[in-house]
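Asks: Structure provided below as structure tokens; questions to follow.
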Amino acid sequence: MPLLLLDLDNTLIDRDAAFRGAVTAFLAGHALPPHDVEWVMTLDASGYTPRHEVARAMGSRYGVGQEAVRSFLDRGTADRVVLDGPTRTALGRAVTGGWTLAIVTNGRTAQQEAKIRNTGLDQLTHGWVVSEAVGHKKPAPEIFHAAAAAVGSTLDGAWVIGDSPHADIGGAAAIGAHSVWVSAGRPWPGTLHRPTRSFSDAASAIESVVRTPL
């Protein structure tokens, strides 16, 4: 069975929208300026800023205890993520079409697995790997090999779908896999490795792979 390696944040799920909702609730709950949501979003950088740096900066800016900030960072986003209908349908078609699905995500294990289970992705895919658990981050080839092993597959003929030119598309190039970039309407940034295909959303990206002759 061919292997489809799927990014989680801002690919299968709209992580930034969920984080924005968590930020809004945090600011309201602590009587902090609501317009500061943009400051926190910039600080967060779509999750790429290390969590301890985000926690330190927020604690310093707001004088809020680190326990409250860490609780927000650990659970706020995971409690708000959703899987949209078209993506859910596309995943089902991929499985029906004979594909093995593995989620490959950077991040902390507890938080990423909470997102996977809260959205039902644990029931729609064959398995996953999280960078913290395997000790390697995308685009390192090791995390993709770990994902293939986790679902009893190999990287031969694999496809990678993700929103990050560096982590996902660069990672696909490193393992010799085809790739689909989820652009969300962004122009390709002109990095070294171009994707095999590009679509604005995950559902269309998955459907394009499913239609590829095996």
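If you're wondering about the labels, chains in the structure tokens are A, B, ... by order shown, residues count from 1 in each chain, ligands from 1 in order shown.
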I'd like the contact shell of stretch 146-149 of chain A - 7 Å cut-off, only C-alpha atoms, skipping same-chain residues fewer than 2 positions apart - returned as a list in words.
Replies: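 The neighbour list is Ala102, Val104, Trp128, Val129, Glu142, Ile143, Phe144, Val151, Gly152, Ser153, Thr154 and Leu155 of chain A.
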Asks: Kindly export the residues of the current selection with N, CA, C and O atoms, as a compact mmCIF listing (two decimals), in the first residue's frame.
Replies:
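Result file is result-v5.txt:
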```
# COMPACT_ATOMS: atom_id res chain seq x y z
N ALA A 102 -0.13 8.43 7.36
CA ALA A 102 0.64 8.68 8.59
C ALA A 102 0.82 10.18 8.77
O ALA A 102 1.21 10.89 7.85
N VAL A 104 2.83 13.28 10.26
CA VAL A 104 4.21 13.59 10.66
C VAL A 104 4.21 15.03 11.13
O VAL A 104 4.01 15.95 10.33
N TRP A 128 0.89 7.94 13.54
CA TRP A 128 1.54 9.24 13.52
C TRP A 128 2.86 9.18 14.27
O TRP A 128 3.12 8.25 15.03
N VAL A 129 3.68 10.20 14.01
CA VAL A 129 4.89 10.43 14.80
C VAL A 129 4.96 11.91 15.15
O VAL A 129 4.54 12.76 14.36
N GLU A 142 15.01 11.34 9.24
CA GLU A 142 14.74 10.34 10.28
C GLU A 142 13.28 10.33 10.74
O GLU A 142 12.72 9.26 11.03
N ILE A 143 12.64 11.50 10.80
CA ILE A 143 11.26 11.52 11.27
C ILE A 143 10.32 10.89 10.25
O ILE A 143 9.33 10.23 10.60
N PHE A 144 10.64 11.04 8.97
CA PHE A 144 9.81 10.42 7.94
C PHE A 144 10.01 8.90 7.92
O PHE A 144 9.05 8.15 7.74
N VAL A 151 3.74 2.76 10.76
CA VAL A 151 2.55 2.21 10.09
C VAL A 151 2.90 0.99 9.25
O VAL A 151 2.11 0.56 8.40
N GLY A 152 4.08 0.43 9.47
CA GLY A 152 4.48 -0.79 8.77
C GLY A 152 4.68 -0.61 7.29
O GLY A 152 4.38 -1.52 6.50
N SER A 153 5.19 0.55 6.89
CA SER A 153 5.35 0.83 5.47
C SER A 153 6.79 1.24 5.18
O SER A 153 7.66 1.22 6.06
N THR A 154 7.06 1.62 3.94
CA THR A 154 8.36 2.15 3.54
C THR A 154 8.13 3.47 2.82
O THR A 154 6.99 3.84 2.50
N LEU A 155 9.21 4.17 2.54
CA LEU A 155 9.12 5.45 1.84
C LEU A 155 9.12 5.31 0.33
O LEU A 155 9.03 6.31 -0.38
```
Asks: If you count only C-alpha atoms, which residues fall within 12 Å of A:Asp79, apart from same-chain ones fewer than 6 positions away, as a PyMOL selection string?
Replies: chain A and resi 15+17-19+21-22+25+71-73+111-119
Asks: Output all heavy atoms of each residue in that selection to a file, as a tab-separated table (two decimals), in the first residue's frame.
Replies:
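Result went into result-v3.tsv, see below:
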```
chain	number	residue	atom	x	y	z
A	15	ARG	N	-4.51	25.27	12.60
A	15	ARG	CA	-3.91	25.48	13.92
A	15	ARG	C	-3.92	26.95	14.31
A	15	ARG	O	-4.19	27.31	15.46
A	15	ARG	CB	-2.50	24.91	13.92
A	15	ARG	CG	-1.76	25.07	15.25
A	15	ARG	CD	-0.88	26.28	15.24
A	15	ARG	NE	-0.23	26.47	16.53
A	15	ARG	CZ	0.26	27.63	16.95
A	15	ARG	NH1	0.18	28.69	16.18
A	15	ARG	NH2	0.83	27.72	18.14
A	17	ALA	N	-6.00	29.36	13.49
A	17	ALA	CA	-7.34	29.81	13.88
A	17	ALA	C	-7.66	29.35	15.29
A	17	ALA	O	-8.23	30.10	16.10
A	17	ALA	CB	-8.38	29.29	12.90
A	18	ALA	N	-7.30	28.12	15.60
A	18	ALA	CA	-7.53	27.60	16.95
A	18	ALA	C	-6.70	28.36	17.98
A	18	ALA	O	-7.18	28.69	19.07
A	18	ALA	CB	-7.21	26.11	17.00
A	19	PHE	N	-5.45	28.67	17.62
A	19	PHE	CA	-4.59	29.41	18.54
A	19	PHE	C	-5.13	30.81	18.76
A	19	PHE	O	-5.13	31.32	19.89
A	19	PHE	CB	-3.17	29.46	18.00
A	19	PHE	CG	-2.18	30.12	18.93
A	19	PHE	CD1	-1.74	29.46	20.06
A	19	PHE	CD2	-1.72	31.41	18.68
A	19	PHE	CE1	-0.84	30.06	20.93
A	19	PHE	CE2	-0.82	32.01	19.54
A	19	PHE	CZ	-0.38	31.33	20.68
A	21	GLY	N	-8.22	31.74	18.69
A	21	GLY	CA	-9.34	31.61	19.61
A	21	GLY	C	-8.88	31.44	21.04
A	21	GLY	O	-9.46	32.01	21.98
A	22	ALA	N	-7.81	30.67	21.24
A	22	ALA	CA	-7.28	30.46	22.58
A	22	ALA	C	-6.68	31.76	23.13
A	22	ALA	O	-6.84	32.06	24.33
A	22	ALA	CB	-6.22	29.36	22.55
A	25	ALA	N	-9.49	34.11	24.23
A	25	ALA	CA	-10.07	33.68	25.51
A	25	ALA	C	-9.12	33.98	26.67
A	25	ALA	O	-9.55	34.39	27.76
A	25	ALA	CB	-10.39	32.19	25.45
A	71	SER	N	-0.64	26.65	30.95
A	71	SER	CA	-1.92	25.97	30.76
A	71	SER	C	-2.56	26.41	29.45
A	71	SER	O	-3.09	25.57	28.69
A	71	SER	CB	-2.86	26.29	31.93
A	71	SER	OG	-4.13	25.69	31.73
A	72	PHE	N	-2.51	27.69	29.17
A	72	PHE	CA	-3.02	28.22	27.91
A	72	PHE	C	-2.27	27.62	26.72
A	72	PHE	O	-2.88	27.18	25.74
A	72	PHE	CB	-2.91	29.74	27.92
A	72	PHE	CG	-2.65	30.37	26.59
A	72	PHE	CD1	-3.61	30.39	25.60
A	72	PHE	CD2	-1.41	30.96	26.32
A	72	PHE	CE1	-3.37	30.98	24.37
A	72	PHE	CE2	-1.16	31.56	25.10
A	72	PHE	CZ	-2.14	31.56	24.12
A	73	LEU	N	-0.95	27.55	26.80
A	73	LEU	CA	-0.15	27.03	25.70
A	73	LEU	C	-0.33	25.52	25.52
A	73	LEU	O	-0.31	25.01	24.41
A	73	LEU	CB	1.33	27.35	25.92
A	73	LEU	CG	1.71	28.83	25.81
A	73	LEU	CD1	3.17	29.03	26.20
A	73	LEU	CD2	1.46	29.36	24.41
A	111	GLN	N	0.66	17.64	23.40
A	111	GLN	CA	-0.21	18.60	22.72
A	111	GLN	C	-0.62	18.11	21.34
A	111	GLN	O	-1.79	18.19	20.95
A	111	GLN	CB	0.47	19.96	22.61
A	111	GLN	CG	-0.45	21.03	22.03
A	111	GLN	CD	0.21	22.38	21.98
A	111	GLN	OE1	1.16	22.57	21.22
A	111	GLN	NE2	-0.28	23.33	22.76
A	112	GLN	N	0.34	17.58	20.58
A	112	GLN	CA	0.02	17.14	19.22
A	112	GLN	C	-0.92	15.93	19.24
A	112	GLN	O	-1.83	15.83	18.42
A	112	GLN	CB	1.30	16.83	18.44
A	112	GLN	CG	2.23	18.03	18.25
A	112	GLN	CD	1.55	19.22	17.60
A	112	GLN	OE1	0.89	20.01	18.28
A	112	GLN	NE2	1.70	19.34	16.30
A	113	GLU	N	-0.69	15.01	20.15
A	113	GLU	CA	-1.59	13.85	20.23
A	113	GLU	C	-2.98	14.26	20.69
A	113	GLU	O	-3.98	13.66	20.28
A	113	GLU	CB	-1.00	12.79	21.14
A	113	GLU	CG	0.22	12.10	20.52
A	113	GLU	CD	0.67	10.87	21.29
A	113	GLU	OE1	0.26	10.72	22.47
A	113	GLU	OE2	1.43	10.07	20.71
A	114	ALA	N	-3.07	15.29	21.54
A	114	ALA	CA	-4.39	15.79	21.94
A	114	ALA	C	-5.14	16.35	20.73
A	114	ALA	O	-6.35	16.12	20.57
A	114	ALA	CB	-4.25	16.87	23.01
A	115	LYS	N	-4.44	17.06	19.86
A	115	LYS	CA	-5.07	17.58	18.64
A	115	LYS	C	-5.56	16.44	17.76
A	115	LYS	O	-6.67	16.48	17.20
A	115	LYS	CB	-4.08	18.45	17.87
A	115	LYS	CG	-3.66	19.73	18.54
A	115	LYS	CD	-2.57	20.42	17.70
A	115	LYS	CE	-1.98	21.61	18.40
A	115	LYS	NZ	-0.84	22.18	17.64
A	116	ILE	N	-4.72	15.43	17.60
A	116	ILE	CA	-5.07	14.29	16.75
A	116	ILE	C	-6.32	13.60	17.28
A	116	ILE	O	-7.24	13.27	16.52
A	116	ILE	CB	-3.87	13.32	16.65
A	116	ILE	CG1	-2.75	13.96	15.81
A	116	ILE	CG2	-4.30	11.99	16.05
A	116	ILE	CD1	-1.43	13.23	15.89
A	117	ARG	N	-6.38	13.38	18.57
A	117	ARG	CA	-7.53	12.66	19.15
A	117	ARG	C	-8.77	13.55	19.22
A	117	ARG	O	-9.89	13.08	18.98
A	117	ARG	CB	-7.16	12.13	20.54
A	117	ARG	CG	-6.09	11.04	20.48
A	117	ARG	CD	-5.94	10.33	21.82
A	117	ARG	NE	-5.07	9.17	21.67
A	117	ARG	CZ	-3.75	9.17	21.89
A	117	ARG	NH1	-3.17	10.30	22.29
A	117	ARG	NH2	-3.03	8.09	21.73
A	118	ASN	N	-8.59	14.83	19.54
A	118	ASN	CA	-9.74	15.73	19.65
A	118	ASN	C	-10.45	15.94	18.31
A	118	ASN	O	-11.64	16.24	18.28
A	118	ASN	CB	-9.31	17.08	20.22
A	118	ASN	CG	-8.95	17.01	21.69
A	118	ASN	OD1	-9.19	16.00	22.35
A	118	ASN	ND2	-8.36	18.08	22.21
A	119	THR	N	-9.73	15.79	17.22
A	119	THR	CA	-10.32	15.97	15.89
A	119	THR	C	-10.78	14.65	15.27
A	119	THR	O	-11.37	14.65	14.19
A	119	THR	CB	-9.32	16.63	14.94
A	119	THR	OG1	-8.10	15.87	14.94
A	119	THR	CG2	-9.02	18.06	15.36
```
Asks: Between atom CA of A:Ser183 and atom CA of A:Phe199, measure the distance and give it in Å to one decimal.
Replies: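 Atom CA of A:Phe199 lies 6.0 Å from atom CA of A:Ser183.
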Asks: Near A:Ala173, within 10 Å and counting only C-alpha atoms, which residues show up once chain neighbours fewer than 5 positions away are dropped, as a list in words?
Replies: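 Listed by chain and then number, they are Pro139, Pro141, Val160, His166, Asp168, His178, Ser179, Leu192, His193, Arg194, Pro195 and Thr196 of chain A.
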Asks: Would you export the selected residues with C-alpha atoms as a PDB file, in the first residue's frame, please?
Replies:
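Output contents, as saved in selection.pdb:
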```pdb
ATOM      1  CA  PRO A 139      12.813  18.213   7.509  1.00  0.00           C
ATOM      2  CA  PRO A 141      14.769  12.285   7.018  1.00  0.00           C
ATOM      3  CA  VAL A 160       4.246  14.248   1.493  1.00  0.00           C
ATOM      4  CA  HIS A 166      11.139  24.074   4.525  1.00  0.00           C
ATOM      5  CA  ASP A 168       7.444  19.535   4.527  1.00  0.00           C
ATOM      6  CA  HIS A 178       6.734  13.514  -4.256  1.00  0.00           C
ATOM      7  CA  SER A 179       5.132  16.437  -2.463  1.00  0.00           C
ATOM      8  CA  LEU A 192      15.449  25.423  -3.378  1.00  0.00           C
ATOM      9  CA  HIS A 193      13.068  22.488  -3.551  1.00  0.00           C
ATOM     10  CA  ARG A 194       9.791  23.034  -5.390  1.00  0.00           C
ATOM     11  CA  PRO A 195       6.761  20.825  -4.686  1.00  0.00           C
ATOM     12  CA  THR A 196       5.447  18.334  -7.196  1.00  0.00           C
TER      13      THR A 196
END
```
Asks: List the neighbours of stretch 52-57 of chain A out to 12 Å using only C-alpha atoms; skip same-chain residues closer than 4 positions along the sequence, and give me the result as a PyMOL selection string.
Replies: chain A and resi 39-48+61-74+108
Asks: Just the alpha helix (DSSP H) stuff from stretch 35-76 of chain A, please, per backbone DSSP, written as a ChimeraX atom specification.
Replies: /A:37-44,51-62,66-71
Asks: From a DSSP calculation on the backbone, collect every residue of stretch 3-214 of chain A in strand (DSSP E) and output the set as a PyMOL selection string.
Replies: chain A and resi 3-6+100-105+127-130+159-162+178-182+197-199
